[in-house]
$ cat model14.cif   # mmCIF, C-alpha atoms
data_run
#
loop_
_atom_site.label_atom_id
_atom_site.label_comp_id
_atom_site.auth_asym_id
_atom_site.auth_seq_id
_atom_site.Cartn_x
_atom_site.Cartn_y
_atom_site.Cartn_z
CA MET U 1 -15.95 44.87 -8.98
CA GLU U 2 -19.63 44.61 -9.96
CA ARG U 3 -20.11 43.32 -13.48
CA LYS U 4 -23.00 44.86 -15.36
CA GLY U 5 -22.77 43.68 -18.98
CA LEU U 6 -26.18 42.52 -20.17
CA LEU U 7 -26.49 38.75 -20.72
CA SER U 8 -29.21 37.56 -23.12
CA VAL U 9 -30.36 34.02 -22.29
CA ILE U 10 -32.30 32.25 -25.06
CA VAL U 11 -34.61 29.39 -24.05
CA PRO U 12 -36.39 27.39 -26.80
CA VAL U 13 -39.63 25.98 -25.35
CA TYR U 14 -41.52 22.97 -26.68
CA LYS U 15 -43.56 20.32 -24.82
CA VAL U 16 -41.73 20.73 -21.49
CA GLU U 17 -44.61 21.81 -19.28
CA PRO U 18 -43.57 19.65 -16.27
CA TYR U 19 -40.03 21.11 -16.27
CA LEU U 20 -40.40 24.65 -17.58
CA ARG U 21 -40.93 26.48 -14.28
CA ARG U 22 -37.85 24.78 -12.80
CA CYS U 23 -35.80 25.98 -15.77
CA ILE U 24 -37.07 29.57 -15.77
CA ASP U 25 -36.78 29.93 -11.99
CA SER U 26 -33.15 28.75 -12.10
CA ILE U 27 -32.38 31.54 -14.59
CA ARG U 28 -34.34 34.19 -12.70
CA ASN U 29 -32.52 33.29 -9.48
CA GLN U 30 -29.02 33.76 -10.87
CA THR U 31 -26.72 35.82 -8.70
CA TYR U 32 -25.81 37.65 -11.91
CA ARG U 33 -28.84 39.90 -12.18
CA ASN U 34 -28.38 41.84 -15.41
CA LEU U 35 -30.25 39.41 -17.64
CA GLN U 36 -32.54 39.49 -20.62
CA ILE U 37 -34.44 36.18 -20.63
CA ILE U 38 -35.94 35.30 -24.03
CA LEU U 39 -38.50 32.47 -23.89
CA VAL U 40 -39.27 31.22 -27.39
CA ASP U 41 -42.53 29.25 -27.42
CA ASP U 42 -42.01 27.06 -30.47
CA GLY U 43 -45.70 26.35 -31.07
CA SER U 44 -45.87 24.09 -28.04
CA PRO U 45 -49.22 22.23 -27.90
CA ASP U 46 -49.36 22.14 -24.08
CA ASP U 47 -49.52 25.09 -21.64
CA CYS U 48 -45.90 26.15 -22.12
CA GLY U 49 -46.97 29.31 -23.97
CA VAL U 50 -49.26 30.29 -21.09
CA ILE U 51 -46.47 29.73 -18.57
CA CYS U 52 -44.10 31.90 -20.63
CA ASP U 53 -46.63 34.73 -20.65
CA GLU U 54 -47.18 34.40 -16.89
CA TYR U 55 -43.50 34.95 -16.24
CA THR U 56 -43.41 38.15 -18.29
CA LYS U 57 -45.87 39.62 -15.78
CA VAL U 58 -43.72 38.90 -12.71
CA ASP U 59 -40.24 39.66 -14.09
CA ASP U 60 -39.61 42.54 -16.47
CA ARG U 61 -36.35 40.94 -17.61
CA ILE U 62 -38.39 38.25 -19.42
CA ILE U 63 -39.89 38.45 -22.90
CA ALA U 64 -42.00 35.73 -24.51
CA VAL U 65 -41.85 35.07 -28.25
CA HIS U 66 -44.55 32.87 -29.79
CA GLN U 67 -44.06 31.21 -33.18
CA GLU U 68 -45.24 28.32 -35.31
CA ASN U 69 -43.23 25.17 -34.69
CA GLU U 70 -39.81 25.52 -36.33
CA GLY U 71 -37.78 23.16 -34.17
CA LEU U 72 -35.00 23.83 -31.68
CA SER U 73 -32.74 25.57 -34.19
CA GLY U 74 -35.54 27.78 -35.50
CA ALA U 75 -36.35 28.83 -31.93
CA ARG U 76 -32.72 29.65 -31.16
CA ASN U 77 -32.29 31.56 -34.41
CA ASN U 78 -35.41 33.64 -33.79
CA GLY U 79 -34.45 34.22 -30.17
CA LEU U 80 -31.19 35.77 -31.33
CA LEU U 81 -33.17 38.39 -33.24
CA PHE U 82 -34.36 39.77 -29.88
CA ALA U 83 -31.03 39.48 -28.04
CA LYS U 84 -29.62 42.82 -26.90
CA GLY U 85 -26.88 41.55 -24.62
CA GLU U 86 -23.14 42.00 -24.69
CA TYR U 87 -23.11 38.32 -23.80
CA ILE U 88 -25.22 35.42 -25.11
CA ALA U 89 -26.21 32.09 -23.55
CA PHE U 90 -28.57 29.24 -24.40
CA VAL U 91 -30.54 26.96 -22.09
CA ASP U 92 -32.59 23.89 -23.01
CA SER U 93 -35.96 24.20 -21.34
CA ASP U 94 -35.96 20.90 -19.43
CA ASP U 95 -32.55 21.69 -17.89
CA TRP U 96 -31.69 23.98 -15.01
CA LEU U 97 -28.77 26.04 -13.67
CA HIS U 98 -26.75 26.43 -10.52
CA SER U 99 -27.50 29.86 -9.09
CA GLN U 100 -23.92 31.08 -9.64
CA MET U 101 -23.40 29.76 -13.16
CA TYR U 102 -23.52 33.05 -15.03
CA GLU U 103 -21.68 35.04 -12.38
CA THR U 104 -18.86 32.49 -12.49
CA LEU U 105 -18.59 32.35 -16.28
CA ILE U 106 -18.79 36.10 -16.86
CA ARG U 107 -16.14 36.66 -14.21
CA LEU U 108 -13.88 34.28 -16.14
CA ILE U 109 -14.60 36.10 -19.41
CA GLU U 110 -13.85 39.52 -17.99
CA ASP U 111 -10.84 38.53 -15.87
CA HIS U 112 -9.13 36.64 -18.71
CA ARG U 113 -10.51 38.53 -21.75
CA LEU U 114 -12.16 35.37 -23.10
CA ASP U 115 -14.37 34.89 -26.13
CA MET U 116 -16.28 32.16 -24.29
CA ALA U 117 -16.32 30.44 -20.92
CA ARG U 118 -17.73 26.97 -20.30
CA CYS U 119 -18.63 24.97 -17.22
CA SER U 120 -18.75 21.29 -16.37
CA VAL U 121 -22.13 19.62 -16.22
CA ILE U 122 -24.29 17.38 -14.04
CA GLY U 123 -26.25 14.77 -15.99
CA SER U 124 -29.48 13.81 -14.22
CA ASP U 125 -32.29 11.38 -15.02
CA GLY U 126 -34.29 12.47 -11.97
CA GLN U 127 -32.94 9.59 -9.89
CA SER U 128 -29.16 9.93 -10.00
CA GLU U 129 -26.64 12.61 -10.87
CA ASP U 130 -23.41 12.09 -12.78
CA PRO U 131 -20.74 14.75 -13.24
CA ILE U 132 -19.51 15.42 -16.79
CA LEU U 133 -16.02 16.89 -16.45
CA PRO U 134 -13.39 17.73 -19.08
CA ARG U 135 -12.12 14.53 -20.64
CA ASP U 136 -8.54 15.67 -20.11
CA LYS U 137 -8.17 16.96 -16.56
CA HIS U 138 -5.39 19.28 -17.76
CA THR U 139 -7.97 21.15 -19.87
CA ALA U 140 -9.90 22.38 -16.84
CA ASN U 141 -9.31 25.81 -15.32
CA ARG U 142 -6.59 26.88 -17.74
CA LEU U 143 -6.48 29.44 -20.50
CA ILE U 144 -6.88 27.83 -23.93
CA THR U 145 -5.78 29.97 -26.85
CA GLY U 146 -5.31 30.01 -30.60
CA VAL U 147 -5.59 26.76 -32.53
CA ASP U 148 -6.00 24.79 -29.29
CA VAL U 149 -9.56 26.13 -28.97
CA PHE U 150 -10.87 24.55 -32.18
CA GLU U 151 -8.90 21.39 -31.41
CA LEU U 152 -11.39 20.69 -28.60
CA TYR U 153 -14.18 20.28 -31.15
CA PHE U 154 -12.71 16.87 -31.97
CA THR U 155 -12.00 15.67 -28.44
CA GLU U 156 -14.21 17.27 -25.80
CA PHE U 157 -17.95 16.65 -25.27
CA LEU U 158 -18.27 19.83 -23.20
CA CYS U 159 -17.28 21.79 -26.32
CA LYS U 160 -19.73 20.07 -28.69
CA VAL U 161 -22.84 21.52 -27.02
CA VAL U 162 -23.86 25.17 -26.80
CA TRP U 163 -25.78 25.37 -23.52
CA ASN U 164 -22.99 25.14 -20.92
CA ALA U 165 -21.38 28.40 -21.94
CA VAL U 166 -21.47 32.18 -22.07
CA TYR U 167 -20.28 33.78 -25.32
CA ARG U 168 -19.29 37.25 -26.31
CA ARG U 169 -21.88 38.56 -28.72
CA ASP U 170 -19.59 38.71 -31.75
CA ILE U 171 -18.82 34.97 -31.48
CA VAL U 172 -22.50 34.08 -31.93
CA MET U 173 -24.02 36.66 -34.21
CA GLY U 174 -24.35 35.88 -37.91
CA ILE U 175 -24.21 32.10 -37.42
CA ILE U 176 -27.51 30.42 -38.28
CA SER U 177 -28.25 27.08 -36.63
CA PRO U 178 -29.32 24.45 -39.22
CA GLU U 179 -33.08 24.07 -38.90
CA ARG U 180 -34.87 20.73 -38.60
CA CYS U 181 -31.59 18.93 -37.84
CA HIS U 182 -31.40 17.22 -34.47
CA SER U 183 -27.61 17.48 -34.32
CA GLN U 184 -27.39 21.22 -34.83
CA ASP U 185 -24.97 21.60 -31.91
CA ASN U 186 -22.40 19.67 -33.97
CA TYR U 187 -22.46 22.54 -36.43
CA VAL U 188 -22.95 25.58 -34.21
CA SER U 189 -20.41 24.61 -31.54
CA GLY U 190 -17.79 24.11 -34.24
CA ARG U 191 -18.47 27.56 -35.70
CA TYR U 192 -18.26 29.20 -32.25
CA LEU U 193 -15.02 27.40 -31.38
CA TYR U 194 -13.38 28.34 -34.68
CA ARG U 195 -14.17 32.03 -34.10
CA SER U 196 -12.88 31.94 -30.51
CA LYS U 197 -9.25 32.65 -29.69
CA ARG U 198 -9.41 32.54 -25.88
CA MET U 199 -11.50 30.11 -23.81
CA MET U 200 -11.64 28.46 -20.40
CA ILE U 201 -13.58 25.47 -19.04
CA THR U 202 -14.17 25.43 -15.31
CA ASP U 203 -14.43 22.10 -13.52
CA LYS U 204 -17.32 23.50 -11.48
CA CYS U 205 -20.53 21.65 -12.41
CA LEU U 206 -22.96 24.52 -12.90
CA TYR U 207 -25.36 23.25 -15.59
CA TYR U 208 -27.88 20.47 -14.88
CA TYR U 209 -28.56 18.44 -18.00
CA TYR U 210 -31.81 16.50 -17.71
CA LYS U 211 -31.57 13.18 -19.53
CA ASN U 212 -35.22 13.14 -20.54
CA PRO U 213 -35.92 9.87 -22.43
CA THR U 214 -38.67 11.55 -24.51
CA SER U 215 -36.62 14.59 -25.53
CA THR U 216 -35.34 14.91 -29.10
CA THR U 217 -32.15 16.52 -27.84
CA HIS U 218 -31.48 14.44 -24.73
CA GLY U 219 -32.83 11.01 -25.48
CA GLY U 220 -34.21 8.59 -28.00
CA HIS U 221 -32.36 7.47 -31.12
CA LYS U 222 -29.53 9.42 -32.60
CA ARG U 223 -30.33 10.75 -36.03
CA PHE U 224 -27.09 9.78 -37.72
CA LEU U 225 -28.01 11.30 -41.06
CA ASP U 226 -28.48 14.70 -39.37
CA ILE U 227 -24.98 14.41 -37.88
CA CYS U 228 -23.60 13.80 -41.38
CA ILE U 229 -25.47 16.81 -42.75
CA CYS U 230 -24.26 19.12 -39.97
CA THR U 231 -20.65 17.90 -40.20
CA GLU U 232 -20.54 18.47 -43.95
CA LYS U 233 -22.12 21.91 -43.56
CA LEU U 234 -19.62 22.84 -40.83
CA ARG U 235 -16.67 21.95 -43.08
CA ASP U 236 -18.10 23.80 -46.07
CA ASP U 237 -19.13 26.93 -44.14
CA LEU U 238 -15.81 27.20 -42.32
CA ILE U 239 -14.09 27.18 -45.70
CA ARG U 240 -16.57 29.54 -47.39
CA GLU U 241 -17.51 31.96 -44.60
CA GLU U 242 -14.56 31.85 -42.17
CA HIS U 243 -11.97 31.36 -44.95
CA MET U 244 -10.47 28.31 -43.25
CA ASP U 245 -7.52 27.04 -45.30
CA ASN U 246 -5.88 24.83 -42.70
CA THR U 247 -5.48 21.51 -44.53
CA VAL U 248 -5.11 19.60 -41.25
CA TYR U 249 -8.51 20.83 -40.00
CA ILE U 250 -10.13 20.09 -43.35
CA GLU U 251 -8.75 16.56 -43.34
CA ARG U 252 -9.93 15.96 -39.75
CA LEU U 253 -13.42 17.15 -40.65
CA ASN U 254 -13.38 14.87 -43.69
CA LYS U 255 -12.44 11.93 -41.47
CA LYS U 256 -15.20 12.84 -39.03
CA LEU U 257 -17.71 13.03 -41.87
CA ALA U 258 -16.63 9.60 -43.18
CA ARG U 259 -16.97 8.09 -39.68
CA GLU U 260 -20.41 9.61 -39.19
CA PHE U 261 -21.58 8.21 -42.52
CA PHE U 262 -20.21 4.80 -41.50
CA HIS U 263 -22.33 4.99 -38.32
CA PHE U 264 -25.35 6.02 -40.38
CA VAL U 265 -25.02 3.00 -42.68
CA ARG U 266 -24.35 0.69 -39.74
CA ALA U 267 -27.41 1.81 -37.75
CA ASP U 268 -30.57 -0.28 -38.00
CA ASP U 269 -33.04 2.57 -38.23
CA ASP U 270 -36.41 2.01 -39.88
CA ARG U 271 -36.71 5.74 -40.60
CA TYR U 272 -33.94 5.54 -43.20
CA ARG U 273 -33.33 2.89 -45.82
CA LEU U 274 -30.28 3.63 -47.94
CA GLN U 275 -30.65 1.87 -51.28
CA SER U 276 -27.81 3.30 -53.33
CA MET U 277 -24.72 5.47 -53.05
CA ALA U 278 -22.88 7.55 -55.61
CA ARG U 279 -19.50 6.13 -56.58
CA SER U 280 -17.86 9.48 -55.76
CA GLN U 281 -19.28 9.33 -52.24
CA LYS U 282 -18.02 5.78 -51.77
CA LYS U 283 -14.57 6.90 -52.91
CA PHE U 284 -14.59 9.81 -50.43
CA ILE U 285 -15.51 7.48 -47.55
CA ASP U 286 -12.85 4.93 -48.52
CA GLN U 287 -10.23 7.67 -48.59
CA HIS U 288 -11.03 8.95 -45.11
CA LEU U 289 -12.00 5.88 -43.08
CA ASP U 290 -9.36 3.97 -41.18
CA PHE U 291 -8.49 0.48 -42.45
CA PHE U 292 -10.70 -1.58 -40.13
CA ARG U 293 -13.77 0.64 -40.55
CA ARG U 294 -13.27 0.53 -44.31
CA ILE U 295 -13.36 -3.29 -44.26
CA ARG U 296 -16.50 -3.26 -42.12
CA PHE U 297 -18.06 -0.59 -44.32
CA ASP U 298 -17.63 -2.74 -47.45
CA PHE U 299 -19.15 -5.68 -45.59
CA LEU U 300 -22.18 -3.57 -44.58
CA LEU U 301 -22.74 -2.42 -48.15
CA ARG U 302 -22.88 -6.02 -49.32
CA LYS U 303 -24.98 -7.18 -46.38
CA LYS U 304 -27.56 -4.42 -46.85
CA LYS U 305 -27.45 -4.71 -50.65
CA ILE U 306 -26.65 -1.04 -51.14
CA GLN U 307 -25.92 -0.32 -54.77
CA ILE U 308 -22.94 1.80 -55.88
CA ASP U 309 -24.00 3.93 -58.87
#

$ encode --input "model14.cif" --output "C-alpha cells"
Amino acid sequence: MERKGLLSVIVPVYKVEPYLRRCIDSIRNQTYRNLQIILVDDGSPDDCGVICDEYTKVDDRIIAVHQENEGLSGARNNGLLFAKGEYIAFVDSDDWLHSQMYETLIRLIEDHRLDMARCSVIGSDGQSEDPILPRDKHTANRLITGVDVFELYFTEFLCKVVWNAVYRRDIVMGIISPERCHSQDNYVSGRYLYRSKRMMITDKCLYYYYKNPTSTTHGGHKRFLDICICTEKLRDDLIREEHMDNTVYIERLNKKLAREFFHFVRADDDRYRLQSMARSQKKFIDQHLDFFRRIRFDFLLRKKKIQID
C-alpha cells in the first residue's frame, strides 16, 4: 500500500557549507516522496543561506527560512512553526540519510500504530564508519510499549537524540527545545519518550552521523552545565506539564541530575569556575549520588576550594 502522509523534515543550518548539499540531497532522494523540507538558515555567516535558496528553486517541496542566529534549538523551534506534516523529523545539517530511511520508519509507524520509530546509526568521521546499534540487542525490532518506552531514556543512546526518528505530529508539537543549551536533546528526547506509548527501533543503520570535530553538537567539549540545566528542566516540566507523578521516575531523574552535576564539578573547563554552592544544593547531591561518587565529590569540593554557603 502506498503511504502518503506528509512528513515535515526540519534542518537547522549553520556554518556547514562543505556538507550542506550532501545533507539536502540525501533528503530529496528519499524513496518516501511526500516530504516538506524546511531549511532553517540560522544566520549562517557563510554561503549556507544562498545554498538553501538555490534548492527552493529546484524542488518545490523545500522552503527556506532565514533568521538571526538563535542556535540549534531556536532553529528547530522556528522550523516547527512551518511544519504541516502528519509526521515530523529532524536532521542535523552535516549528517546525511540512507535513501530508504523515511520509507522504512513510516512503514513501521503505520504497520504497528507507533508514536515514533527510530533507526540505528552509522557514526562517520570521513575516514571510518562505526555502527551504533541498540545497546541491548533484545530492544531492536520489537514493539516497546507503555512505561518501557520512557525507560529507554536512561539506558539507550539511540533514544537520547532526536534526529534518528520519525514522530507523529502530536508527540512533538507544544514542546519547546531549550534555546542556547548545547544539550537540548537531553530534554527534548525525554519529553518525546514520555509522551510516546508505542515505539520501535530498527537495527537497520539508516542515519549517517558525521562526527565533525568543529561542530557544537558532534564534537568539542561537552558543556556539562548545559546537561544539568536540561536534566533539571526535563524533571520539572514532566511534573508540571505532563503531570508525571511516578516517584520512581522522579527519583531516577534526581539521580541523573546529581551525577551530571558531579561531572560538571569534576571537569577542568576554563569556561566555568564554580566558586560556591548553596548548602541545599549540596544536600540534594549528597542524597542522590552513590556512595563512591559522594566521597569523590567531597574531595573535589575541597580540592577546588568550593565554598558551601

$ resolve_selection --input "model14.cif" --expression "the PyMOL selection byres ((chain U and resi 195) around 9)" --output "PyMOL selection string"
chain U and resi 115+150+170-172+190-194+196-197+242

$ residues_around --input "model14.cif" --residues "stretch 235-237 of chain U" --least-positions-apart "3" --cutoff "12 Å" --atoms "all atoms listed in the file" --output "PyMOL selection string"
chain U and resi 175-178+186-188+190-191+194+228-232+240-257

$ atom_distance --input "model14.cif" --atom1 "atom CA of U:Val149" --atom2 "atom CA of U:Leu108"
15.8 Å

$ residues_near_point --input "model14.cif" --point "(-24.8, 34.8, -14.0)" --cutoff "9 Å" --atoms "only C-alpha atoms" --output "list in words"
Leu7, Ile27, Gln30, Thr31, Tyr32, Arg33, Asn34, Leu35, Ser99, Gln100, Met101, Tyr102, Glu103, Thr104, Leu105, Ile106 and Arg107 of chain U

$ write_last_selection --input "model14.cif" --atoms "C-alpha atoms" --output "CSV table (one decimal), in the frame of the given file"
chain,number,residue,atom,x,y,z
U,7,LEU,CA,-26.5,38.8,-20.7
U,27,ILE,CA,-32.4,31.5,-14.6
U,30,GLN,CA,-29.0,33.8,-10.9
U,31,THR,CA,-26.7,35.8,-8.7
U,32,TYR,CA,-25.8,37.6,-11.9
U,33,ARG,CA,-28.8,39.9,-12.2
U,34,ASN,CA,-28.4,41.8,-15.4
U,35,LEU,CA,-30.2,39.4,-17.6
U,99,SER,CA,-27.5,29.9,-9.1
U,100,GLN,CA,-23.9,31.1,-9.6
U,101,MET,CA,-23.4,29.8,-13.2
U,102,TYR,CA,-23.5,33.0,-15.0
U,103,GLU,CA,-21.7,35.0,-12.4
U,104,THR,CA,-18.9,32.5,-12.5
U,105,LEU,CA,-18.6,32.4,-16.3
U,106,ILE,CA,-18.8,36.1,-16.9
U,107,ARG,CA,-16.1,36.7,-14.2

$ residues_near_point --input "model14.cif" --point "(-34.7, 35.2, -15.1)" --cutoff "7 Å" --atoms "only C-alpha atoms" --output "list in words"
Ile24, Asp25, Ile27, Arg28, Asn29, Leu35, Ile37, Arg61 and Ile62 of chain U

$ residues_around --input "model14.cif" --residues "U:Asp203" --least-positions-apart "6" --cutoff "10 Å" --atoms "only C-alpha atoms" --output "list in words"
Arg118, Cys119, Ser120, Val121, Pro131, Ile132, Leu133, Pro134, Lys137, Thr139, Ala140 and Asn141 of chain U

$ resolve_selection --input "model14.cif" --expression "the PyMOL selection byres ((chain U and resi 12) around 6)" --output "PyMOL selection string"
chain U and resi 11+13+40+75

$ closest_atom_pairs --input "model14.cif" --of "stretch 166-275 of chain U" --to "stretch 294-298 of chain U" --cutoff "10 Å" --atoms "only C-alpha atoms" --output "JSON lines"
{"residue": "U:Ala258", "atom": "CA", "partner": "U:Arg294", "partner_atom": "CA", "distance": 9.7}
{"residue": "U:Arg259", "atom": "CA", "partner": "U:Arg294", "partner_atom": "CA", "distance": 9.6}
{"residue": "U:Phe261", "atom": "CA", "partner": "U:Phe297", "partner_atom": "CA", "distance": 9.6}
{"residue": "U:Phe262", "atom": "CA", "partner": "U:Phe297", "partner_atom": "CA", "distance": 6.5}
{"residue": "U:His263", "atom": "CA", "partner": "U:Phe297", "partner_atom": "CA", "distance": 9.2}
{"residue": "U:Val265", "atom": "CA", "partner": "U:Phe297", "partner_atom": "CA", "distance": 8.0}
{"residue": "U:Arg266", "atom": "CA", "partner": "U:Phe297", "partner_atom": "CA", "distance": 7.9}

$ resolve_selection --input "model14.cif" --expression "the PyMOL selection byres ((chain U and resi 72) around 12)" --output "JSON, numbers by chain"
{"U": [10, 11, 12, 13, 14, 15, 40, 41, 42, 43, 44, 67, 68, 69, 70, 71, 73, 74, 75, 76, 77, 78, 79, 90, 91, 92, 93, 176, 177, 178, 179, 180, 181, 182, 183, 184, 185, 215, 216, 217]}

$ residues_around --input "model14.cif" --residues "U:Glu86" --least-positions-apart "2" --cutoff "10 Å" --atoms "all atoms listed in the file" --output "VMD selection string"
chain U and resid 4 to 8 83 to 84 88 167 to 170
